[in-house]
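Printed here is my_file-v2.pdb (PDB, C-alpha atoms, pLDDT in the B column):
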```pdb
ATOM      1  CA  MET A   1       0.000   0.000   0.000  1.00 87.00           C
ATOM      2  CA  THR A   2       1.002   3.599  -0.564  1.00 95.00           C
ATOM      3  CA  PHE A   3      -0.661   6.954  -0.180  1.00 98.00           C
ATOM      4  CA  VAL A   4      -1.399   9.273  -3.080  1.00 98.00           C
ATOM      5  CA  VAL A   5      -2.243  12.917  -3.565  1.00 98.00           C
ATOM      6  CA  THR A   6      -5.319  13.546  -5.708  1.00 97.00           C
ATOM      7  CA  ASP A   7      -6.426  16.540  -7.737  1.00 97.00           C
ATOM      8  CA  LEU A   8      -8.071  18.070  -4.677  1.00 97.00           C
ATOM      9  CA  CYS A   9      -4.579  19.440  -3.914  1.00 98.00           C
ATOM     10  CA  ILE A  10      -4.448  21.457  -7.145  1.00 97.00           C
ATOM     11  CA  LYS A  11      -4.549  25.231  -6.612  1.00 97.00           C
ATOM     12  CA  CYS A  12      -4.347  24.719  -2.832  1.00 97.00           C
ATOM     13  CA  LYS A  13      -1.016  23.023  -2.049  1.00 97.00           C
ATOM     14  CA  TYR A  14      -1.376  22.823   1.702  1.00 97.00           C
ATOM     15  CA  THR A  15       1.887  21.420   3.018  1.00 98.00           C
ATOM     16  CA  ASP A  16       0.890  20.290   6.507  1.00 97.00           C
ATOM     17  CA  CYS A  17       1.524  16.723   5.278  1.00 97.00           C
ATOM     18  CA  VAL A  18       5.145  17.443   4.382  1.00 97.00           C
ATOM     19  CA  GLU A  19       5.996  18.462   7.920  1.00 94.00           C
ATOM     20  CA  VAL A  20       4.989  15.082   9.401  1.00 97.00           C
ATOM     21  CA  CYS A  21       6.384  12.761   6.698  1.00 98.00           C
ATOM     22  CA  PRO A  22       9.252  10.739   8.214  1.00 97.00           C
ATOM     23  CA  VAL A  23      10.779   9.791   4.840  1.00 98.00           C
ATOM     24  CA  ASP A  24      10.473  12.998   2.770  1.00 97.00           C
ATOM     25  CA  CYS A  25       8.519  11.388  -0.051  1.00 98.00           C
ATOM     26  CA  PHE A  26       6.573  14.512  -1.094  1.00 98.00           C
ATOM     27  CA  TYR A  27       7.439  16.346  -4.293  1.00 98.00           C
ATOM     28  CA  GLU A  28       6.367  19.845  -5.250  1.00 98.00           C
ATOM     29  CA  GLY A  29       4.929  21.086  -8.500  1.00 97.00           C
ATOM     30  CA  GLU A  30       3.771  24.575  -9.273  1.00 96.00           C
ATOM     31  CA  ASN A  31       0.275  24.125  -7.867  1.00 96.00           C
ATOM     32  CA  MET A  32       0.156  20.743  -6.108  1.00 98.00           C
ATOM     33  CA  LEU A  33       2.155  18.067  -4.324  1.00 98.00           C
ATOM     34  CA  VAL A  34       2.600  14.352  -5.075  1.00 98.00           C
ATOM     35  CA  ILE A  35       3.940  11.360  -3.143  1.00 98.00           C
ATOM     36  CA  HIS A  36       6.581   9.051  -4.594  1.00 98.00           C
ATOM     37  CA  PRO A  37       4.861   5.648  -4.226  1.00 96.00           C
ATOM     38  CA  GLU A  38       8.111   3.683  -3.900  1.00 96.00           C
ATOM     39  CA  GLU A  39       9.425   6.002  -1.178  1.00 98.00           C
ATOM     40  CA  CYS A  40       6.212   6.104   0.877  1.00 98.00           C
ATOM     41  CA  ILE A  41       6.434   3.729   3.844  1.00 97.00           C
ATOM     42  CA  ASP A  42       2.660   3.578   4.298  1.00 96.00           C
ATOM     43  CA  CYS A  43       2.756   5.034   7.792  1.00 97.00           C
ATOM     44  CA  GLY A  44      -0.346   7.132   7.120  1.00 97.00           C
ATOM     45  CA  VAL A  45       0.643  10.139   9.228  1.00 98.00           C
ATOM     46  CA  CYS A  46       0.169  12.498   6.276  1.00 98.00           C
ATOM     47  CA  GLU A  47      -3.437  11.608   5.522  1.00 98.00           C
ATOM     48  CA  PRO A  48      -5.107  13.210   8.582  1.00 98.00           C
ATOM     49  CA  GLU A  49      -2.886  16.301   8.256  1.00 97.00           C
ATOM     50  CA  CYS A  50      -4.357  17.317   4.901  1.00 97.00           C
ATOM     51  CA  PRO A  51      -7.076  19.888   5.636  1.00 96.00           C
ATOM     52  CA  ILE A  52      -8.863  19.183   2.331  1.00 97.00           C
ATOM     53  CA  GLU A  53      -8.577  15.362   2.326  1.00 96.00           C
ATOM     54  CA  ALA A  54      -6.486  15.273  -0.861  1.00 97.00           C
ATOM     55  CA  ILE A  55      -4.415  12.316   0.388  1.00 98.00           C
ATOM     56  CA  LEU A  56      -5.825   8.801   0.113  1.00 97.00           C
ATOM     57  CA  PRO A  57      -4.506   5.267   0.549  1.00 97.00           C
ATOM     58  CA  ASP A  58      -4.181   3.452  -2.772  1.00 96.00           C
ATOM     59  CA  THR A  59      -6.682   0.889  -1.499  1.00 96.00           C
ATOM     60  CA  GLU A  60      -9.526   3.385  -1.994  1.00 95.00           C
ATOM     61  CA  PRO A  61     -11.656   2.979  -5.135  1.00 93.00           C
ATOM     62  CA  ASP A  62     -10.400   4.757  -8.276  1.00 90.00           C
ATOM     63  CA  THR A  63      -6.946   5.569  -6.907  1.00 94.00           C
ATOM     64  CA  GLU A  64      -4.930   3.502  -9.412  1.00 93.00           C
ATOM     65  CA  ARG A  65      -4.662   6.466 -11.791  1.00 95.00           C
ATOM     66  CA  TRP A  66      -3.356   8.588  -8.907  1.00 97.00           C
ATOM     67  CA  VAL A  67      -0.599   6.082  -8.120  1.00 97.00           C
ATOM     68  CA  ASP A  68       0.629   6.410 -11.711  1.00 97.00           C
ATOM     69  CA  PHE A  69       0.181  10.193 -11.660  1.00 97.00           C
ATOM     70  CA  ASN A  70       2.090  10.550  -8.361  1.00 98.00           C
ATOM     71  CA  ARG A  71       4.879   8.287  -9.638  1.00 97.00           C
ATOM     72  CA  GLU A  72       5.266  10.233 -12.890  1.00 97.00           C
ATOM     73  CA  TYR A  73       5.467  13.667 -11.319  1.00 98.00           C
ATOM     74  CA  SER A  74       7.525  12.675  -8.277  1.00 98.00           C
ATOM     75  CA  GLU A  75      10.233  11.696 -10.750  1.00 97.00           C
ATOM     76  CA  LYS A  76      10.101  15.155 -12.399  1.00 97.00           C
ATOM     77  CA  TRP A  77       9.599  17.546  -9.476  1.00 98.00           C
ATOM     78  CA  PRO A  78      11.880  18.496  -6.569  1.00 98.00           C
ATOM     79  CA  VAL A  79      11.428  17.021  -3.117  1.00 98.00           C
ATOM     80  CA  ILE A  80       9.788  19.246  -0.507  1.00 98.00           C
ATOM     81  CA  THR A  81      10.776  18.732   3.127  1.00 96.00           C
ATOM     82  CA  ALA A  82       9.486  21.806   4.948  1.00 96.00           C
ATOM     83  CA  GLN A  83       6.044  23.294   5.375  1.00 96.00           C
ATOM     84  CA  LYS A  84       5.192  26.400   3.347  1.00 96.00           C
ATOM     85  CA  ASP A  85       2.172  28.644   3.147  1.00 97.00           C
ATOM     86  CA  PRO A  86      -0.623  27.328   0.922  1.00 97.00           C
ATOM     87  CA  LEU A  87      -1.217  28.982  -2.426  1.00 97.00           C
ATOM     88  CA  PRO A  88      -2.928  32.388  -2.215  1.00 97.00           C
ATOM     89  CA  GLU A  89      -6.047  31.002  -3.917  1.00 96.00           C
ATOM     90  CA  ALA A  90      -6.278  27.921  -1.656  1.00 97.00           C
ATOM     91  CA  GLU A  91      -9.341  29.092   0.245  1.00 96.00           C
ATOM     92  CA  LYS A  92     -11.212  29.743  -3.007  1.00 96.00           C
ATOM     93  CA  PHE A  93     -10.326  26.351  -4.528  1.00 97.00           C
ATOM     94  CA  LYS A  94     -10.348  24.033  -1.494  1.00 94.00           C
ATOM     95  CA  ASP A  95     -13.900  22.765  -2.067  1.00 94.00           C
ATOM     96  CA  LYS A  96     -13.717  22.431  -5.857  1.00 94.00           C
ATOM     97  CA  LYS A  97     -13.719  18.929  -7.329  1.00 92.00           C
ATOM     98  CA  ASN A  98     -12.235  17.524 -10.556  1.00 92.00           C
ATOM     99  CA  LYS A  99      -9.539  20.170 -10.895  1.00 95.00           C
ATOM    100  CA  LEU A 100      -7.069  18.163 -12.997  1.00 94.00           C
ATOM    101  CA  GLU A 101      -8.133  19.083 -16.511  1.00 91.00           C
ATOM    102  CA  GLU A 102      -8.808  22.748 -15.853  1.00 92.00           C
ATOM    103  CA  HIS A 103      -6.222  23.770 -13.285  1.00 94.00           C
ATOM    104  CA  PHE A 104      -3.224  21.389 -13.290  1.00 94.00           C
ATOM    105  CA  SER A 105       0.229  22.775 -14.045  1.00 87.00           C
ATOM    106  CA  GLU A 106       3.181  20.409 -14.314  1.00 87.00           C
ATOM    107  CA  ARG A 107       5.952  22.925 -13.866  1.00 83.00           C
ATOM    108  CA  PRO A 108       8.165  22.278 -10.836  1.00 83.00           C
ATOM    109  CA  GLY A 109       7.745  24.229  -7.631  1.00 72.00           C
ATOM    110  CA  ASP A 110       9.326  27.655  -7.467  1.00 56.00           C
ATOM    111  CA  GLY A 111      11.733  26.622  -4.726  1.00 49.00           C
ATOM    112  CA  ASP A 112      10.622  29.147  -2.118  1.00 46.00           C
TER     113      ASP A 112
END
```
Go through the file and emit its structure as structure tokens.
Amino acid sequence: MTFVVTDLCIKCKYTDCVEVCPVDCFYEGENMLVIHPEECIDCGVCEPECPIEAILPDTEPDTERWVDFNREYSEKWPVITAQKDPLPEAEKFKDKKNKLEEHFSERPGDGD
């Protein structure tokens, strides 16, 4: 089992999860985070830390695509190991669903 970040994270990028991860398996894109599935140790401490429930175990229905998505982008983006402020528009986008097609950006994080 592994945990994955879903499209609920897009345009929010809360990083509370990064702060508690014992193995630094989160990677940062421009407007979301992902988890490297081979680095995740399945401890589950990140899941309850996400204020918008964007992190799920891969045993949940319909998460297979997110395992592949997280794997792909964790190999392209830089690791993130410290908590940052969420994106300025996070409050506006936190309750929106199905954000992938309209709001996803695959550029790496800005390294703040």
Can you translate the PyMOL selection byres ((chain A and resi 14-16) around 7) into the concrete residues it hits in this file, as a ChimeraX atom specification? /A:12-13,17-19,49-50,83-86
Which residues of region 15-104 of chain A come within 9 Å of region 2-7 of chain A, and for each one, what is the closest pair of atoms and their distance in Å to one decimal, counting all atoms listed in the file, sorted by chain and residue number, as a tab-separated table?
```
residue	atom	partner	partner_atom	distance
A:Met32	CA	A:Asp7	CA	8.0
A:Leu33	CA	A:Val5	CA	6.8
A:Val34	CA	A:Val5	CA	5.3
A:Ile35	CA	A:Val4	CA	5.7
A:His36	CA	A:Val4	CA	8.1
A:Pro37	CA	A:Thr2	CA	5.7
A:Glu38	CA	A:Thr2	CA	7.9
A:Glu39	CA	A:Thr2	CA	8.8
A:Cys40	CA	A:Thr2	CA	6.0
A:Ile41	CA	A:Thr2	CA	7.0
A:Asp42	CA	A:Thr2	CA	5.1
A:Cys43	CA	A:Thr2	CA	8.7
A:Gly44	CA	A:Phe3	CA	7.3
A:Cys46	CA	A:Phe3	CA	8.6
A:Glu47	CA	A:Phe3	CA	7.9
A:Glu53	CA	A:Thr6	CA	8.9
A:Ala54	CA	A:Thr6	CA	5.3
A:Ile55	CA	A:Val5	CA	4.6
A:Leu56	CA	A:Val4	CA	5.5
A:Pro57	CA	A:Phe3	CA	4.3
A:Asp58	CA	A:Phe3	CA	5.6
A:Thr59	CA	A:Thr2	CA	8.2
A:Thr63	CA	A:Val4	CA	7.7
A:Trp66	CA	A:Val4	CA	6.2
A:Val67	CA	A:Val4	CA	6.0
A:Phe69	CA	A:Thr6	CA	8.8
A:Asn70	CA	A:Val4	CA	6.5
A:Lys97	CA	A:Asp7	CA	7.7
A:Asn98	CA	A:Asp7	CA	6.5
A:Lys99	CA	A:Asp7	CA	5.7
A:Leu100	CA	A:Asp7	CA	5.5
A:Phe104	CA	A:Asp7	CA	8.0
```
Assuming 5 Å of padding per side, give the centre and edge lengths of the axis-aligned box around every listed atom of region 26-44 of chain A, in Å to one decimal and as JSON.
```
{"center_x": 4.5, "center_y": 14.1, "center_z": -0.7, "size_x": 19.8, "size_y": 31.0, "size_z": 27.1}
```
Go ahead and compute the interatomic distance for CA of Arg107 (chain A) and CA of Arg71 (chain A), in Å to one decimal. 15.3 Å
d(CA of Lys96 (chain A), CA of Asp24 (chain A)) in Å: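 For CA of Lys96 (chain A) relative to CA of Asp24 (chain A), the distance reads 27.4 Å.
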When you draw a straight line from CA of Cys25 (chain A) to CA of Gly109 (chain A), how long is it in Å? 14.9 Å
